[in-house]
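Text of input29.pdb (PDB, C-alpha atoms) as supplied:
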```pdb
ATOM      1  CA  MET Y   7      16.145  -8.316 -15.356
ATOM      2  CA  GLU Y   8      12.664  -9.239 -14.048
ATOM      3  CA  ILE Y   9      12.614  -6.193 -11.738
ATOM      4  CA  SER Y  10      13.612  -3.728 -14.474
ATOM      5  CA  ASN Y  11      10.877  -5.165 -16.736
ATOM      6  CA  GLN Y  12       8.311  -4.697 -13.951
ATOM      7  CA  ILE Y  13       9.515  -1.126 -13.347
ATOM      8  CA  GLU Y  14       9.190  -0.305 -17.052
ATOM      9  CA  LYS Y  15       5.684  -1.796 -17.121
ATOM     10  CA  ALA Y  16       4.794   0.208 -13.989
ATOM     11  CA  LYS Y  17       6.009   3.384 -15.709
ATOM     12  CA  GLN Y  18       3.503   2.581 -18.477
ATOM     13  CA  GLY Y  19       0.738   2.295 -15.856
ATOM     14  CA  ASP Y  20       0.569  -1.512 -15.668
ATOM     15  CA  GLN Y  21      -1.440  -2.446 -12.542
ATOM     16  CA  THR Y  22       0.063  -5.936 -12.250
ATOM     17  CA  ALA Y  23       3.576  -4.475 -12.281
ATOM     18  CA  PHE Y  24       2.703  -2.130  -9.405
ATOM     19  CA  THR Y  25       1.297  -5.023  -7.406
ATOM     20  CA  PHE Y  26       4.435  -7.082  -8.139
ATOM     21  CA  LEU Y  27       6.717  -4.242  -6.966
ATOM     22  CA  LEU Y  28       4.625  -3.650  -3.839
ATOM     23  CA  ASN Y  29       4.708  -7.341  -2.919
ATOM     24  CA  HIS Y  30       8.400  -7.732  -3.812
ATOM     25  CA  TYR Y  31       9.695  -4.752  -1.808
ATOM     26  CA  TRP Y  32       7.132  -4.411   1.008
ATOM     27  CA  SER Y  33       9.042  -6.489   3.578
ATOM     28  CA  GLU Y  34      12.353  -4.762   2.892
ATOM     29  CA  VAL Y  35      10.952  -1.227   3.257
ATOM     30  CA  TYR Y  36       8.764  -2.202   6.238
ATOM     31  CA  GLY Y  37      11.683  -3.974   7.978
ATOM     32  CA  PHE Y  38      13.958  -0.984   7.398
ATOM     33  CA  MET Y  39      11.408   1.404   8.935
ATOM     34  CA  LEU Y  40      10.538  -0.947  11.803
ATOM     35  CA  LYS Y  41      14.197  -0.883  12.912
ATOM     36  CA  ARG Y  42      14.130   2.920  12.918
ATOM     37  CA  THR Y  43      10.691   3.566  14.413
ATOM     38  CA  GLU Y  44      10.482   0.510  16.708
ATOM     39  CA  ASN Y  45       6.725   0.840  16.205
ATOM     40  CA  GLU Y  46       4.734  -1.452  13.873
ATOM     41  CA  THR Y  47       1.971   1.073  13.192
ATOM     42  CA  ASN Y  48       4.375   3.898  12.304
ATOM     43  CA  ALA Y  49       6.506   1.554  10.184
ATOM     44  CA  GLU Y  50       3.396   0.394   8.319
ATOM     45  CA  ASP Y  51       2.102   3.954   7.802
ATOM     46  CA  ILE Y  52       5.497   5.070   6.484
ATOM     47  CA  THR Y  53       5.703   2.035   4.183
ATOM     48  CA  ILE Y  54       2.208   2.715   2.799
ATOM     49  CA  GLU Y  55       3.086   6.348   2.174
ATOM     50  CA  THR Y  56       6.436   5.357   0.633
ATOM     51  CA  PHE Y  57       4.745   3.139  -1.969
ATOM     52  CA  SER Y  58       2.061   5.773  -2.524
ATOM     53  CA  LYS Y  59       4.727   8.381  -3.343
ATOM     54  CA  ALA Y  60       6.811   5.901  -5.352
ATOM     55  CA  PHE Y  61       3.843   4.938  -7.554
ATOM     56  CA  ASP Y  62       2.971   8.598  -8.006
ATOM     57  CA  LYS Y  63       6.540   9.512  -9.008
ATOM     58  CA  ILE Y  64       7.696   6.304 -10.726
ATOM     59  CA  ALA Y  65       8.347   8.208 -13.966
ATOM     60  CA  THR Y  66      11.163  10.051 -12.143
ATOM     61  CA  TYR Y  67      12.914   6.817 -11.083
ATOM     62  CA  ASN Y  68      16.497   6.679 -12.415
ATOM     63  CA  PRO Y  69      17.504   3.094 -13.372
ATOM     64  CA  GLU Y  70      21.169   3.894 -12.602
ATOM     65  CA  PHE Y  71      20.220   3.303  -8.964
ATOM     66  CA  GLN Y  72      18.795   0.155  -7.379
ATOM     67  CA  PHE Y  73      15.003   0.338  -7.066
ATOM     68  CA  ASN Y  74      15.113  -0.674  -3.387
ATOM     69  CA  THR Y  75      17.626   2.144  -2.697
ATOM     70  CA  TRP Y  76      15.193   4.603  -4.289
ATOM     71  CA  LEU Y  77      12.326   3.250  -2.153
ATOM     72  CA  ILE Y  78      14.419   3.420   1.040
ATOM     73  CA  THR Y  79      15.350   7.048   0.242
ATOM     74  CA  ILE Y  80      11.653   7.902  -0.116
ATOM     75  CA  ALA Y  81      10.946   6.050   3.162
ATOM     76  CA  LYS Y  82      13.674   8.014   4.976
ATOM     77  CA  ASN Y  83      12.185  11.292   3.712
ATOM     78  CA  VAL Y  84       8.681  10.244   4.785
ATOM     79  CA  TYR Y  85      10.076   9.328   8.220
ATOM     80  CA  ILE Y  86      11.851  12.691   8.547
ATOM     81  CA  ASP Y  87       8.615  14.462   7.566
ATOM     82  CA  MET Y  88       6.756  12.413  10.183
ATOM     83  CA  LEU Y  89       9.258  13.353  12.890
ATOM     84  CA  ARG Y  90       8.939  17.040  11.961
ATOM     85  CA  LYS Y  91       5.157  16.867  12.182
ATOM     86  CA  ARG Y  92       5.070  14.776  15.341
ATOM     87  CA  LYS Y  93       4.674  17.923  17.442
ATOM     88  CA  SER Y  94       1.499  18.989  15.694
ATOM     89  CA  SER Y  95      -0.019  15.664  14.674
ATOM     90  CA  LEU Y  96       0.028  11.975  15.556
ATOM     91  CA  PHE Y  97      -0.720  10.884  12.023
ATOM     92  CA  VAL Y  98       1.502  10.685   8.997
ATOM     93  CA  GLU Y  99       0.397  13.233   6.421
ATOM     94  CA  ILE Y 100       1.633  13.968   2.958
ATOM     95  CA  THR Y 101       2.963  17.519   2.677
ATOM     96  CA  GLU Y 102       2.769  17.701  -1.076
ATOM     97  CA  GLN Y 103      -0.513  18.586  -2.739
ATOM     98  CA  GLU Y 104      -1.765  15.296  -4.145
ATOM     99  CA  ASP Y 105      -1.316  15.083  -7.858
ATOM    100  CA  GLN Y 106      -4.735  15.153  -9.534
ATOM    101  CA  LYS Y 107      -3.527  12.606 -12.059
ATOM    102  CA  ALA Y 108      -2.718  10.092  -9.308
ATOM    103  CA  TYR Y 109      -1.960   6.773 -10.896
ATOM    104  CA  ASN Y 110      -5.127   4.718 -10.998
ATOM    105  CA  ILE Y 111      -4.055   1.572  -9.211
ATOM    106  CA  ALA Y 112      -7.639   0.277  -9.295
ATOM    107  CA  ASP Y 113      -7.771  -2.329 -11.992
ATOM    108  CA  THR Y 114     -11.246  -3.258 -13.166
ATOM    109  CA  THR Y 115     -10.410  -6.922 -13.713
ATOM    110  CA  PRO Y 116     -10.495  -8.864 -10.439
ATOM    111  CA  SER Y 117      -7.118 -10.027  -9.144
ATOM    112  CA  LYS Y 118      -6.460 -13.534  -7.786
ATOM    113  CA  GLU Y 119      -6.878 -12.041  -4.298
ATOM    114  CA  ASP Y 120     -10.241 -10.486  -5.281
ATOM    115  CA  GLU Y 121     -11.511 -13.830  -6.598
ATOM    116  CA  LEU Y 122     -10.329 -15.677  -3.489
ATOM    117  CA  ILE Y 123     -11.981 -13.104  -1.218
ATOM    118  CA  THR Y 124     -15.324 -13.100  -3.067
ATOM    119  CA  GLU Y 125     -15.677 -16.895  -3.091
ATOM    120  CA  GLN Y 126     -15.527 -17.123   0.719
ATOM    121  CA  ASN Y 127     -18.581 -17.803   2.844
ATOM    122  CA  LEU Y 128     -19.626 -14.403   4.278
ATOM    123  CA  SER Y 129     -19.491 -15.289   7.983
ATOM    124  CA  GLN Y 130     -16.142 -17.028   7.454
ATOM    125  CA  LEU Y 131     -14.861 -14.018   5.519
ATOM    126  CA  LEU Y 132     -15.869 -11.664   8.354
ATOM    127  CA  GLN Y 133     -13.866 -13.845  10.770
ATOM    128  CA  TYR Y 134     -10.817 -13.604   8.504
ATOM    129  CA  ILE Y 135     -11.212  -9.828   8.187
ATOM    130  CA  LYS Y 136     -11.183  -9.539  11.997
ATOM    131  CA  GLU Y 137      -7.634 -10.976  11.924
ATOM    132  CA  LEU Y 138      -6.408  -7.927   9.974
ATOM    133  CA  LYS Y 139      -5.168  -4.764  11.681
ATOM    134  CA  PRO Y 140      -7.983  -2.210  12.231
ATOM    135  CA  HIS Y 141      -6.945   0.188   9.438
ATOM    136  CA  TYR Y 142      -6.941  -2.706   6.951
ATOM    137  CA  GLN Y 143     -10.317  -3.921   8.271
ATOM    138  CA  GLU Y 144     -11.721  -0.436   7.693
ATOM    139  CA  VAL Y 145     -10.679  -0.107   4.027
ATOM    140  CA  ILE Y 146     -11.857  -3.666   3.240
ATOM    141  CA  GLN Y 147     -15.237  -2.956   4.892
ATOM    142  CA  LEU Y 148     -15.684   0.327   3.036
ATOM    143  CA  ARG Y 149     -14.632  -1.113  -0.334
ATOM    144  CA  TYR Y 150     -16.375  -4.505  -0.320
ATOM    145  CA  PHE Y 151     -19.312  -4.104   2.057
ATOM    146  CA  GLN Y 152     -20.218  -0.452   1.553
ATOM    147  CA  GLU Y 153     -19.028  -0.579  -2.082
ATOM    148  CA  MET Y 154     -17.360   2.819  -1.893
ATOM    149  CA  SER Y 155     -15.053   4.051  -4.634
ATOM    150  CA  TYR Y 156     -11.386   4.682  -3.840
ATOM    151  CA  GLN Y 157     -12.071   8.436  -3.807
ATOM    152  CA  GLU Y 158     -15.039   8.038  -1.446
ATOM    153  CA  ILE Y 159     -12.881   5.983   0.925
ATOM    154  CA  ALA Y 160     -10.104   8.604   0.756
ATOM    155  CA  ASN Y 161     -12.639  11.319   1.642
ATOM    156  CA  LYS Y 162     -14.210   9.270   4.448
ATOM    157  CA  ILE Y 163     -10.954   8.352   6.203
ATOM    158  CA  ASP Y 164      -9.322  11.670   5.261
ATOM    159  CA  GLU Y 165      -6.274  10.169   3.583
ATOM    160  CA  PRO Y 166      -4.688  10.736   0.166
ATOM    161  CA  LEU Y 167      -6.098   8.608  -2.659
ATOM    162  CA  ASN Y 168      -2.789   6.806  -3.301
ATOM    163  CA  ASN Y 169      -2.511   5.789   0.378
ATOM    164  CA  VAL Y 170      -5.994   4.236   0.141
ATOM    165  CA  LYS Y 171      -4.992   2.303  -2.998
ATOM    166  CA  VAL Y 172      -1.811   0.956  -1.378
ATOM    167  CA  LYS Y 173      -3.687   0.059   1.841
ATOM    168  CA  LEU Y 174      -6.305  -1.856  -0.166
ATOM    169  CA  LEU Y 175      -3.659  -3.718  -2.165
ATOM    170  CA  ARG Y 176      -1.887  -4.663   1.061
ATOM    171  CA  ALA Y 177      -5.124  -5.578   2.867
ATOM    172  CA  LYS Y 178      -6.235  -7.845  -0.007
ATOM    173  CA  LYS Y 179      -2.846  -9.590  -0.040
ATOM    174  CA  LEU Y 180      -2.908 -10.153   3.743
ATOM    175  CA  LEU Y 181      -6.516 -11.352   3.623
ATOM    176  CA  ALA Y 182      -5.711 -13.764   0.787
ATOM    177  CA  GLU Y 183      -2.778 -15.118   2.850
ATOM    178  CA  ILE Y 184      -5.078 -15.641   5.862
ATOM    179  CA  ILE Y 185      -7.605 -17.489   3.648
ATOM    180  CA  HIS Y 186      -4.855 -19.696   2.155
ATOM    181  CA  THR Y 187      -3.424 -20.659   5.559
ATOM    182  CA  LYS Y 188      -6.881 -21.462   7.003
ATOM    183  CA  ARG Y 189      -7.863 -23.709   4.101
TER     184      ARG Y 189
END
```
Give the structure from the file, written as structure tokens.
Amino acid sequence: MEISNQIEKAKQGDQTAFTFLLNHYWSEVYGFMLKRTENETNAEDITIETFSKAFDKIATYNPEFQFNTWLITIAKNVYIDMLRKRKSSLFVEITEQEDQKAYNIADTTPSKEDELITEQNLSQLLQYIKELKPHYQEVIQLRYFQEMSYQEIANKIDEPLNNVKVKLLRAKKLLAEIIHTKR
């Protein structure tokens, strides 16, 4: 019941519901792709793109199917697209033209992770950031130290806006976990 409530809220554009779904299903989708790709970076890229597409198309989700099944289907399609493009490119790209009305995952009210991150001593925070994977370090640096908007980050790293939003959500969660374990 909790999941279907979160999905309905997400369909209405509720930021917290998106974050809940991302956190709840991340490991399952990532684990599924890691088995197939046998490569952490590719599995992570596919998982990021999967959630990006899922958030963009959540209105099309059919509740007759399990939500995780829907996510895994998207992940499989992203993986197939990646394999097709492998010849021409090393990076995962989205073939569809990005929807101009991409769901705005950026909530103006700070999350628990945001508050935890901002209350850290700067030098200590920089040490924690160094523990993240490089692509997470980059989006955190651009967002919090260069104060770029999501769109500016997307332009700078040449990635779709939704991918940037998912990467930032994931990076903040991982950074908050690092801070919690070090305390």
Explicit residue set for the PyMOL selection byres ((chain Y and resi 133-147) around 12), as a ChimeraX atom specification: /Y:46-47,50-51,54,120,123-124,126-132,148-165,167,169-189
Å distance separating CA of Glu34 (chain Y) from CA of Ile78 (chain Y), one decimal place: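 For CA of Glu34 (chain Y) relative to CA of Ile78 (chain Y), the distance reads 8.6 Å.
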Compile the contact shell of Tyr31 (chain Y) as a PyMOL selection string: residues with an atom at most 12 Å away, counting all atoms listed in the file, same-chain residues fewer than 2 positions apart removed. chain Y and resi 9+24-29+33-38+53-54+56-57+60+72-78+81+176
Written file, previous selection with C-alpha atoms, as a CSV table (one decimal), keeping the file's coordinate frame:
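Ended up saving to out_13.csv:
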```
chain,number,residue,atom,x,y,z
Y,9,ILE,CA,12.6,-6.2,-11.7
Y,24,PHE,CA,2.7,-2.1,-9.4
Y,25,THR,CA,1.3,-5.0,-7.4
Y,26,PHE,CA,4.4,-7.1,-8.1
Y,27,LEU,CA,6.7,-4.2,-7.0
Y,28,LEU,CA,4.6,-3.6,-3.8
Y,29,ASN,CA,4.7,-7.3,-2.9
Y,33,SER,CA,9.0,-6.5,3.6
Y,34,GLU,CA,12.4,-4.8,2.9
Y,35,VAL,CA,11.0,-1.2,3.3
Y,36,TYR,CA,8.8,-2.2,6.2
Y,37,GLY,CA,11.7,-4.0,8.0
Y,38,PHE,CA,14.0,-1.0,7.4
Y,53,THR,CA,5.7,2.0,4.2
Y,54,ILE,CA,2.2,2.7,2.8
Y,56,THR,CA,6.4,5.4,0.6
Y,57,PHE,CA,4.7,3.1,-2.0
Y,60,ALA,CA,6.8,5.9,-5.4
Y,72,GLN,CA,18.8,0.2,-7.4
Y,73,PHE,CA,15.0,0.3,-7.1
Y,74,ASN,CA,15.1,-0.7,-3.4
Y,75,THR,CA,17.6,2.1,-2.7
Y,76,TRP,CA,15.2,4.6,-4.3
Y,77,LEU,CA,12.3,3.2,-2.2
Y,78,ILE,CA,14.4,3.4,1.0
Y,81,ALA,CA,10.9,6.0,3.2
Y,176,ARG,CA,-1.9,-4.7,1.1
```
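Computed from the coordinates, the CA of Gln21 (chain Y) to CA of Asn48 (chain Y) distance equals 26.3 Å.
Separating CA of Asn83 (chain Y) from CA of Asn68 (chain Y) is a distance of 17.3 Å.
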Could you tell me which of Y:Lys15, Y:His30, Y:Asp62, Y:Tyr85 comes closest to Ala49 (chain Y) if we count all atoms listed in the file? Y:Tyr85
Your completed region 64-81 of chain Y with N, CA, C and O atoms, as a tab-separated table (two decimals), keeping the file's coordinate frame:
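Writing the result to result.tsv gives the following:
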```
chain	number	residue	atom	x	y	z
Y	64	ILE	N	6.87	7.35	-10.11
Y	64	ILE	CA	7.70	6.30	-10.73
Y	64	ILE	C	8.37	6.77	-12.02
Y	64	ILE	O	9.45	6.32	-12.35
Y	65	ALA	N	7.75	7.70	-12.72
Y	65	ALA	CA	8.35	8.21	-13.97
Y	65	ALA	C	9.69	8.89	-13.71
Y	65	ALA	O	10.53	8.96	-14.60
Y	66	THR	N	9.92	9.35	-12.48
Y	66	THR	CA	11.16	10.05	-12.14
Y	66	THR	C	12.26	9.08	-11.68
Y	66	THR	O	13.39	9.51	-11.43
Y	67	TYR	N	11.92	7.80	-11.54
Y	67	TYR	CA	12.91	6.82	-11.08
Y	67	TYR	C	14.06	6.71	-12.09
Y	67	TYR	O	13.84	6.56	-13.29
Y	68	ASN	N	15.29	6.77	-11.59
Y	68	ASN	CA	16.50	6.68	-12.42
Y	68	ASN	C	17.07	5.26	-12.31
Y	68	ASN	O	17.54	4.87	-11.25
Y	69	PRO	N	17.06	4.49	-13.41
Y	69	PRO	CA	17.50	3.09	-13.37
Y	69	PRO	C	19.00	2.92	-13.06
Y	69	PRO	O	19.45	1.80	-12.86
Y	70	GLU	N	19.76	4.02	-12.99
Y	70	GLU	CA	21.17	3.89	-12.60
Y	70	GLU	C	21.28	3.46	-11.14
Y	70	GLU	O	22.31	2.97	-10.70
Y	71	PHE	N	20.24	3.68	-10.37
Y	71	PHE	CA	20.22	3.30	-8.96
Y	71	PHE	C	19.35	2.07	-8.76
Y	71	PHE	O	18.43	1.83	-9.53
Y	72	GLN	N	19.63	1.31	-7.71
Y	72	GLN	CA	18.80	0.16	-7.38
Y	72	GLN	C	17.40	0.67	-6.99
Y	72	GLN	O	17.29	1.69	-6.31
Y	73	PHE	N	16.37	-0.07	-7.38
Y	73	PHE	CA	15.00	0.34	-7.07
Y	73	PHE	C	14.77	0.37	-5.56
Y	73	PHE	O	14.14	1.28	-5.04
Y	74	ASN	N	15.32	-0.64	-4.84
Y	74	ASN	CA	15.11	-0.67	-3.39
Y	74	ASN	C	15.80	0.51	-2.71
Y	74	ASN	O	15.30	1.04	-1.73
Y	75	THR	N	16.93	0.97	-3.24
Y	75	THR	CA	17.63	2.14	-2.70
Y	75	THR	C	16.74	3.37	-2.86
Y	75	THR	O	16.62	4.20	-1.95
Y	76	TRP	N	16.11	3.50	-4.02
Y	76	TRP	CA	15.19	4.60	-4.29
Y	76	TRP	C	14.02	4.57	-3.30
Y	76	TRP	O	13.66	5.60	-2.71
Y	77	LEU	N	13.44	3.38	-3.09
Y	77	LEU	CA	12.33	3.25	-2.15
Y	77	LEU	C	12.75	3.61	-0.73
Y	77	LEU	O	12.03	4.31	-0.02
Y	78	ILE	N	13.92	3.15	-0.31
Y	78	ILE	CA	14.42	3.42	1.04
Y	78	ILE	C	14.65	4.93	1.22
Y	78	ILE	O	14.35	5.49	2.28
Y	79	THR	N	15.15	5.59	0.18
Y	79	THR	CA	15.35	7.05	0.24
Y	79	THR	C	14.01	7.75	0.45
Y	79	THR	O	13.90	8.67	1.27
Y	80	ILE	N	13.00	7.32	-0.29
Y	80	ILE	CA	11.65	7.90	-0.12
Y	80	ILE	C	11.18	7.64	1.32
Y	80	ILE	O	10.67	8.55	1.98
Y	81	ALA	N	11.37	6.41	1.80
Y	81	ALA	CA	10.95	6.05	3.16
Y	81	ALA	C	11.64	6.93	4.21
Y	81	ALA	O	11.00	7.41	5.15
```
